[in-house]
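*Asks:* Enclosed is the structure file final07.pdb (PDB, C-alpha atoms, pLDDT in the B column).
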ATOM      1  CA  MET A   1      99.628  85.268  89.862  1.00 95.00           C
ATOM      2  CA  PHE A   2      98.622  88.618  91.285  1.00 96.00           C
ATOM      3  CA  PHE A   3      97.233  91.329  89.002  1.00 97.00           C
ATOM      4  CA  ALA A   4      97.281  94.857  90.441  1.00 96.00           C
ATOM      5  CA  THR A   5      94.850  96.664  88.165  1.00 94.00           C
ATOM      6  CA  GLY A   6      94.071  99.834  90.097  1.00 92.00           C
ATOM      7  CA  GLY A   7      90.397  99.508  89.219  1.00 90.00           C
ATOM      8  CA  THR A   8      88.013  97.639  86.979  1.00 89.00           C
ATOM      9  CA  GLU A   9      89.240  98.702  83.524  1.00 88.00           C
ATOM     10  CA  LEU A  10      91.140  95.449  82.947  1.00 89.00           C
ATOM     11  CA  THR A  11      88.390  93.121  84.153  1.00 89.00           C
ATOM     12  CA  ARG A  12      87.024  92.734  80.627  1.00 87.00           C
ATOM     13  CA  SER A  13      90.317  90.985  79.757  1.00 92.00           C
ATOM     14  CA  PHE A  14      89.570  88.090  82.084  1.00 92.00           C
ATOM     15  CA  ASP A  15      86.810  85.517  81.720  1.00 91.00           C
ATOM     16  CA  ALA A  16      85.877  81.974  82.674  1.00 89.00           C
ATOM     17  CA  THR A  17      89.046  80.669  81.001  1.00 88.00           C
ATOM     18  CA  THR A  18      91.243  82.632  83.404  1.00 92.00           C
ATOM     19  CA  PRO A  19      93.223  80.227  85.601  1.00 92.00           C
ATOM     20  CA  THR A  20      91.761  80.017  89.089  1.00 91.00           C
ATOM     21  CA  ASN A  21      95.093  80.820  90.739  1.00 91.00           C
ATOM     22  CA  TRP A  22      95.223  84.215  89.000  1.00 95.00           C
ATOM     23  CA  TYR A  23      93.977  86.841  91.429  1.00 95.00           C
ATOM     24  CA  VAL A  24      92.747  90.067  89.836  1.00 95.00           C
ATOM     25  CA  CYS A  25      92.832  92.821  92.443  1.00 95.00           C
ATOM     26  CA  THR A  26      90.556  95.673  91.365  1.00 94.00           C
ATOM     27  CA  VAL A  27      91.025  97.850  94.462  1.00 92.00           C
ATOM     28  CA  PRO A  28      91.525 101.442  93.204  1.00 93.00           C
ATOM     29  CA  ASP A  29      93.884 102.354  96.059  1.00 95.00           C
ATOM     30  CA  THR A  30      97.627 101.709  96.410  1.00 96.00           C
ATOM     31  CA  ASN A  31      97.780 100.822 100.105  1.00 96.00           C
ATOM     32  CA  ARG A  32      94.782  98.521  99.946  1.00 96.00           C
ATOM     33  CA  THR A  33      96.267  96.805  96.881  1.00 96.00           C
ATOM     34  CA  VAL A  34      99.539  96.275  98.772  1.00 97.00           C
ATOM     35  CA  ASN A  35      97.525  94.791 101.653  1.00 96.00           C
ATOM     36  CA  GLU A  36      95.775  92.411  99.236  1.00 95.00           C
ATOM     37  CA  PHE A  37      99.139  91.434  97.768  1.00 96.00           C
ATOM     38  CA  GLN A  38     100.559  90.678 101.213  1.00 94.00           C
ATOM     39  CA  THR A  39      97.785  88.171 101.967  1.00 93.00           C
ATOM     40  CA  GLY A  40      99.115  85.682  99.419  1.00 92.00           C
ATOM     41  CA  ASN A  41     102.247  83.972  98.208  1.00 91.00           C
ATOM     42  CA  TRP A  42     102.536  84.914  94.542  1.00 94.00           C
ATOM     43  CA  SER A  43     104.865  83.497  91.907  1.00 94.00           C
ATOM     44  CA  ALA A  44     104.644  86.706  89.845  1.00 96.00           C
ATOM     45  CA  VAL A  45     102.906  90.071  89.802  1.00 97.00           C
ATOM     46  CA  PHE A  46     101.399  91.996  86.910  1.00 97.00           C
ATOM     47  CA  VAL A  47     100.936  95.732  87.417  1.00 97.00           C
ATOM     48  CA  PHE A  48      98.669  97.828  85.207  1.00 96.00           C
ATOM     49  CA  TRP A  49     100.690 100.897  84.203  1.00 96.00           C
ATOM     50  CA  ALA A  50      97.730 102.792  82.790  1.00 93.00           C
ATOM     51  CA  THR A  51      99.297 106.232  82.295  1.00 93.00           C
ATOM     52  CA  PRO A  52     102.809 107.651  81.839  1.00 94.00           C
ATOM     53  CA  THR A  53     102.963 108.398  85.576  1.00 93.00           C
ATOM     54  CA  GLY A  54     101.416 105.083  86.608  1.00 93.00           C
ATOM     55  CA  GLN A  55      98.693 106.981  88.476  1.00 92.00           C
ATOM     56  CA  VAL A  56      94.994 106.125  88.101  1.00 88.00           C
ATOM     57  CA  ASP A  57      92.612 107.545  90.680  1.00 88.00           C
ATOM     58  CA  ASN A  58      94.073 106.534  94.069  1.00 94.00           C
ATOM     59  CA  PHE A  59      96.286 103.785  92.667  1.00 96.00           C
ATOM     60  CA  ASN A  60      99.916 104.612  91.918  1.00 96.00           C
ATOM     61  CA  ALA A  61     101.678 101.772  90.115  1.00 96.00           C
ATOM     62  CA  GLN A  62     105.166 103.111  90.910  1.00 96.00           C
ATOM     63  CA  THR A  63     104.420 103.263  94.638  1.00 96.00           C
ATOM     64  CA  PHE A  64     102.954  99.764  94.522  1.00 97.00           C
ATOM     65  CA  VAL A  65     106.060  98.451  92.720  1.00 96.00           C
ATOM     66  CA  ASN A  66     108.371 100.172  95.213  1.00 96.00           C
ATOM     67  CA  GLN A  67     106.513  98.640  98.149  1.00 95.00           C
ATOM     68  CA  ILE A  68     106.341  95.085  96.814  1.00 95.00           C
ATOM     69  CA  THR A  69     109.945  95.012  95.607  1.00 94.00           C
ATOM     70  CA  SER A  70     111.234  96.210  98.959  1.00 93.00           C
ATOM     71  CA  THR A  71     109.402  93.418 100.803  1.00 91.00           C
ATOM     72  CA  ASN A  72     109.455  90.705  98.099  1.00 90.00           C
ATOM     73  CA  PRO A  73     112.562  91.378  95.995  1.00 90.00           C
ATOM     74  CA  ARG A  74     112.570  87.879  94.471  1.00 91.00           C
ATOM     75  CA  THR A  75     109.012  88.017  93.150  1.00 93.00           C
ATOM     76  CA  PRO A  76     109.217  88.982  89.471  1.00 96.00           C
ATOM     77  CA  PHE A  77     106.861  91.687  88.310  1.00 97.00           C
ATOM     78  CA  PHE A  78     105.654  92.580  84.869  1.00 98.00           C
ATOM     79  CA  LEU A  79     103.964  95.685  83.534  1.00 98.00           C
ATOM     80  CA  ILE A  80     100.657  95.700  81.691  1.00 97.00           C
ATOM     81  CA  ILE A  81     100.873  98.655  79.344  1.00 97.00           C
ATOM     82  CA  PRO A  82      97.920  99.996  77.317  1.00 96.00           C
ATOM     83  CA  ASN A  83      98.543  99.763  73.584  1.00 96.00           C
ATOM     84  CA  GLN A  84      98.508 103.557  73.142  1.00 96.00           C
ATOM     85  CA  TYR A  85     101.730 103.645  75.232  1.00 97.00           C
ATOM     86  CA  ALA A  86     103.386 100.614  73.591  1.00 97.00           C
ATOM     87  CA  SER A  87     106.282 102.738  72.307  1.00 97.00           C
ATOM     88  CA  TYR A  88     107.245 103.477  75.947  1.00 96.00           C
ATOM     89  CA  ALA A  89     107.154  99.844  77.093  1.00 96.00           C
ATOM     90  CA  THR A  90     110.889  99.138  76.944  1.00 96.00           C
ATOM     91  CA  GLN A  91     111.719 102.442  78.638  1.00 96.00           C
ATOM     92  CA  TRP A  92     109.175 101.891  81.431  1.00 96.00           C
ATOM     93  CA  GLN A  93     110.409  98.332  81.929  1.00 96.00           C
ATOM     94  CA  ARG A  94     113.965  99.617  82.324  1.00 96.00           C
ATOM     95  CA  GLU A  95     112.956 102.502  84.619  1.00 95.00           C
ATOM     96  CA  THR A  96     110.877 100.307  86.941  1.00 95.00           C
ATOM     97  CA  GLY A  97     113.123  97.255  86.948  1.00 95.00           C
ATOM     98  CA  ALA A  98     110.274  95.078  85.680  1.00 97.00           C
ATOM     99  CA  SER A  99     111.143  91.638  84.347  1.00 96.00           C
ATOM    100  CA  GLY A 100     109.016  92.282  81.263  1.00 96.00           C
ATOM    101  CA  TYR A 101     105.707  93.588  80.019  1.00 97.00           C
ATOM    102  CA  VAL A 102     102.592  92.764  78.071  1.00 97.00           C
ATOM    103  CA  ILE A 103     100.765  95.216  75.859  1.00 96.00           C
ATOM    104  CA  TRP A 104      97.085  95.499  76.706  1.00 95.00           C
ATOM    105  CA  ASN A 105      94.640  96.080  73.883  1.00 94.00           C
ATOM    106  CA  PRO A 106      91.195  96.934  75.281  1.00 91.00           C
ATOM    107  CA  ASN A 107      89.620  95.502  72.122  1.00 92.00           C
ATOM    108  CA  ALA A 108      91.372  92.140  72.369  1.00 92.00           C
ATOM    109  CA  THR A 109      89.489  89.097  73.561  1.00 93.00           C
ATOM    110  CA  PRO A 110      90.210  87.718  77.028  1.00 94.00           C
ATOM    111  CA  SER A 111      91.811  84.642  75.458  1.00 93.00           C
ATOM    112  CA  GLU A 112      94.249  86.864  73.518  1.00 94.00           C
ATOM    113  CA  PHE A 113      95.253  88.685  76.701  1.00 95.00           C
ATOM    114  CA  ILE A 114      95.501  85.476  78.741  1.00 94.00           C
ATOM    115  CA  THR A 115      97.686  83.937  76.018  1.00 94.00           C
ATOM    116  CA  GLN A 116      99.999  86.949  76.141  1.00 94.00           C
ATOM    117  CA  VAL A 117     100.339  86.574  79.906  1.00 96.00           C
ATOM    118  CA  ARG A 118     100.948  82.828  79.622  1.00 95.00           C
ATOM    119  CA  ASN A 119     103.617  83.417  76.965  1.00 95.00           C
ATOM    120  CA  ILE A 120     105.611  85.820  79.113  1.00 96.00           C
ATOM    121  CA  LEU A 121     105.316  83.503  82.110  1.00 96.00           C
ATOM    122  CA  ASN A 122     106.615  80.622  79.977  1.00 94.00           C
ATOM    123  CA  GLN A 123     109.588  82.761  78.910  1.00 94.00           C
ATOM    124  CA  PHE A 124     110.508  83.089  82.592  1.00 94.00           C
ATOM    125  CA  ASN A 125     109.696  79.462  83.448  1.00 94.00           C
ATOM    126  CA  ILE A 126     106.906  80.514  85.783  1.00 92.00           C
ATOM    127  CA  GLU A 127     104.012  78.069  86.116  1.00 87.00           C
ATOM    128  CA  ALA A 128     101.023  79.754  84.477  1.00 74.00           C
ATOM    129  CA  ALA A 129      98.451  77.127  85.646  1.00 66.00           C
TER     130      ALA A 129
END
Show me this structure written as structure tokens.
*Replies:*
Amino acid sequence: MFFATGGTELTRSFDATTPTNWYVCTVPDTNRTVNEFQTGNWSAVFVFWATPTGQVDNFNAQTFVNQITSTNPRTPFFLIIPNQYASYATQWQRETGASGYVIWNPNATPSEFITQVRNILNQFNIEAA
């Protein structure tokens, strides 16, 4: 699993219980995140869509999605949407072509977030590890 977070904001949602084959990329730059993605063979990708535009600092989630789907069209990707934008989740999923999404609550425990991710992976029969 590859997590494109665009920075460190999501790191508090991962802890020692995070599966070792989940790679959390905290590079705050789109091109460098794409480069990190290309170094592995991922069964799924989670992209932090932190704002309505998908832009956070030098990371643009839409550009990242466009680049990975053009080179890896069979790799499913999912959006991680902050809870304050939960009402847009279905619309953003449709607009981006994402397979699904999880809602990120910054106050949730890492185990709650990890369980959410595992649940969506199970729905798609993707090995969560």
*Asks:* Starting from the PyMOL selection byres ((chain A and resi 21) around 10), expand the selection into actual residues of this file and give them as a PyMOL selection string.
*Replies:* chain A and resi 1-2+18-20+22-24+42+128-129
*Asks:* Measuring atom to atom with all atoms listed in the file, identify which of A:Ser13, A:Asn58, A:Cys25, A:Thr75 is nearest to Asn41 of chain A.
*Replies:*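 The shortest atom-to-atom distance to Asn41 of chain A comes from A:Thr75.
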*Asks:* How big is the axis-aligned box around all listed atoms of segment 88-97 of chain A once 3 Å goes on each side, and where's its centre, in Å to one decimal, as lines of an AutoDock Vina configuration file?
*Replies:*
center_x = 110.6
center_y = 100.4
center_z = 81.4
size_x = 12.8
size_y = 12.2
size_z = 17.0
*Asks:* Please tabulate, as a tab-separated table, the residues of segment 16-110 of chain A that come within 9 Å of segment 3-6 of chain A, each with its closest pair of atoms and the distance in Å to one decimal, counting all atoms listed in the file and ordering rows by chain, then residue number upward.
*Replies:*
residue	atom	partner	partner_atom	distance
A:Trp22	CA	A:Phe3	CA	7.4
A:Tyr23	CA	A:Phe3	CA	6.1
A:Val24	CA	A:Phe3	CA	4.7
A:Cys25	CA	A:Ala4	CA	5.3
A:Thr26	CA	A:Thr5	CA	5.4
A:Val27	CA	A:Gly6	CA	5.7
A:Pro28	CA	A:Gly6	CA	4.3
A:Asp29	CA	A:Gly6	CA	6.5
A:Thr30	CA	A:Gly6	CA	7.5
A:Thr33	CA	A:Ala4	CA	6.8
A:Val34	CA	A:Ala4	CA	8.7
A:Phe37	CA	A:Ala4	CA	8.3
A:Ala44	CA	A:Phe3	CA	8.8
A:Val45	CA	A:Phe3	CA	5.9
A:Phe46	CA	A:Phe3	CA	4.7
A:Val47	CA	A:Ala4	CA	4.8
A:Phe48	CA	A:Thr5	CA	5.0
A:Trp49	CA	A:Thr5	CA	8.2
A:Ala50	CA	A:Thr5	CA	8.6
A:Gln55	CA	A:Gly6	CA	8.7
A:Val56	CA	A:Gly6	CA	6.7
A:Asp57	CA	A:Gly6	CA	7.9
A:Asn58	CA	A:Gly6	CA	7.8
A:Phe59	CA	A:Gly6	CA	5.2
A:Asn60	CA	A:Gly6	CA	7.8
A:Ala61	CA	A:Gly6	CA	7.9
A:Phe64	CA	A:Ala4	CA	8.5
A:Ile80	CA	A:Thr5	CA	8.8
*Asks:* Take the residues just selected and output them with C-alpha atoms as a tab-separated table (two decimals), keeping the file's coordinate frame.
*Replies:*
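Written out: selection-v8.tsv:
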chain	number	residue	atom	x	y	z
A	22	TRP	CA	95.22	84.22	89.00
A	23	TYR	CA	93.98	86.84	91.43
A	24	VAL	CA	92.75	90.07	89.84
A	25	CYS	CA	92.83	92.82	92.44
A	26	THR	CA	90.56	95.67	91.36
A	27	VAL	CA	91.02	97.85	94.46
A	28	PRO	CA	91.52	101.44	93.20
A	29	ASP	CA	93.88	102.35	96.06
A	30	THR	CA	97.63	101.71	96.41
A	33	THR	CA	96.27	96.80	96.88
A	34	VAL	CA	99.54	96.28	98.77
A	37	PHE	CA	99.14	91.43	97.77
A	44	ALA	CA	104.64	86.71	89.84
A	45	VAL	CA	102.91	90.07	89.80
A	46	PHE	CA	101.40	92.00	86.91
A	47	VAL	CA	100.94	95.73	87.42
A	48	PHE	CA	98.67	97.83	85.21
A	49	TRP	CA	100.69	100.90	84.20
A	50	ALA	CA	97.73	102.79	82.79
A	55	GLN	CA	98.69	106.98	88.48
A	56	VAL	CA	94.99	106.12	88.10
A	57	ASP	CA	92.61	107.54	90.68
A	58	ASN	CA	94.07	106.53	94.07
A	59	PHE	CA	96.29	103.78	92.67
A	60	ASN	CA	99.92	104.61	91.92
A	61	ALA	CA	101.68	101.77	90.12
A	64	PHE	CA	102.95	99.76	94.52
A	80	ILE	CA	100.66	95.70	81.69
*Asks:* For a quick check of your reading of the model, name the residues lying within 8 Å of the coordinate (105.1, 96.9, 83.6), counting all atoms listed in the file, and write them as a PDB file with C-alpha atoms, in the coordinates of the input.
*Replies:*
ATOM      1  CA  PHE A  46     101.399  91.996  86.910  1.00 97.00           C
ATOM      2  CA  VAL A  47     100.936  95.732  87.417  1.00 97.00           C
ATOM      3  CA  PHE A  48      98.669  97.828  85.207  1.00 96.00           C
ATOM      4  CA  TRP A  49     100.690 100.897  84.203  1.00 96.00           C
ATOM      5  CA  PHE A  77     106.861  91.687  88.310  1.00 97.00           C
ATOM      6  CA  PHE A  78     105.654  92.580  84.869  1.00 98.00           C
ATOM      7  CA  LEU A  79     103.964  95.685  83.534  1.00 98.00           C
ATOM      8  CA  ILE A  80     100.657  95.700  81.691  1.00 97.00           C
ATOM      9  CA  ILE A  81     100.873  98.655  79.344  1.00 97.00           C
ATOM     10  CA  ALA A  89     107.154  99.844  77.093  1.00 96.00           C
ATOM     11  CA  TRP A  92     109.175 101.891  81.431  1.00 96.00           C
ATOM     12  CA  GLN A  93     110.409  98.332  81.929  1.00 96.00           C
ATOM     13  CA  THR A  96     110.877 100.307  86.941  1.00 95.00           C
ATOM     14  CA  ALA A  98     110.274  95.078  85.680  1.00 97.00           C
ATOM     15  CA  GLY A 100     109.016  92.282  81.263  1.00 96.00           C
ATOM     16  CA  TYR A 101     105.707  93.588  80.019  1.00 97.00           C
ATOM     17  CA  VAL A 102     102.592  92.764  78.071  1.00 97.00           C
TER      18      VAL A 102
END
*Asks:* Applied to the shown file, which residues does the PyMOL selection byres ((chain A and resi 110) around 9) return, written as a ChimeraX atom specification?
*Replies:* /A:12-15,17-18,108-109,111-115
*Asks:* In Å to one decimal, how far is atom CA of Pro106 of chain A from atom CA of Glu9 of chain A?
*Replies:*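 Going from atom CA of Glu9 of chain A over to atom CA of Pro106 of chain A, I get 8.7 Å.
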*Asks:* Considering only C-alpha atoms, state which residue in the set A:Ser99, A:Gln67, A:Asn105, A:Ser43 is at the smallest distance from Asn83 of chain A.
*Replies:*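 Of the candidates, the smallest distance to Asn83 of chain A is held by A:Asn105.
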*Asks:* Would you work out the distance separating atom CA of Val65 of chain A from atom CA of Pro52 of chain A, expressed in Å to one decimal?
*Replies:*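 Computing it gives 14.6 Å between the two atoms.
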*Asks:* Go ahead and compute the interatomic distance for atom CA of Pro76 of chain A and atom CA of Thr8 of chain A, in Å to one decimal.
*Replies:* 23.0 Å
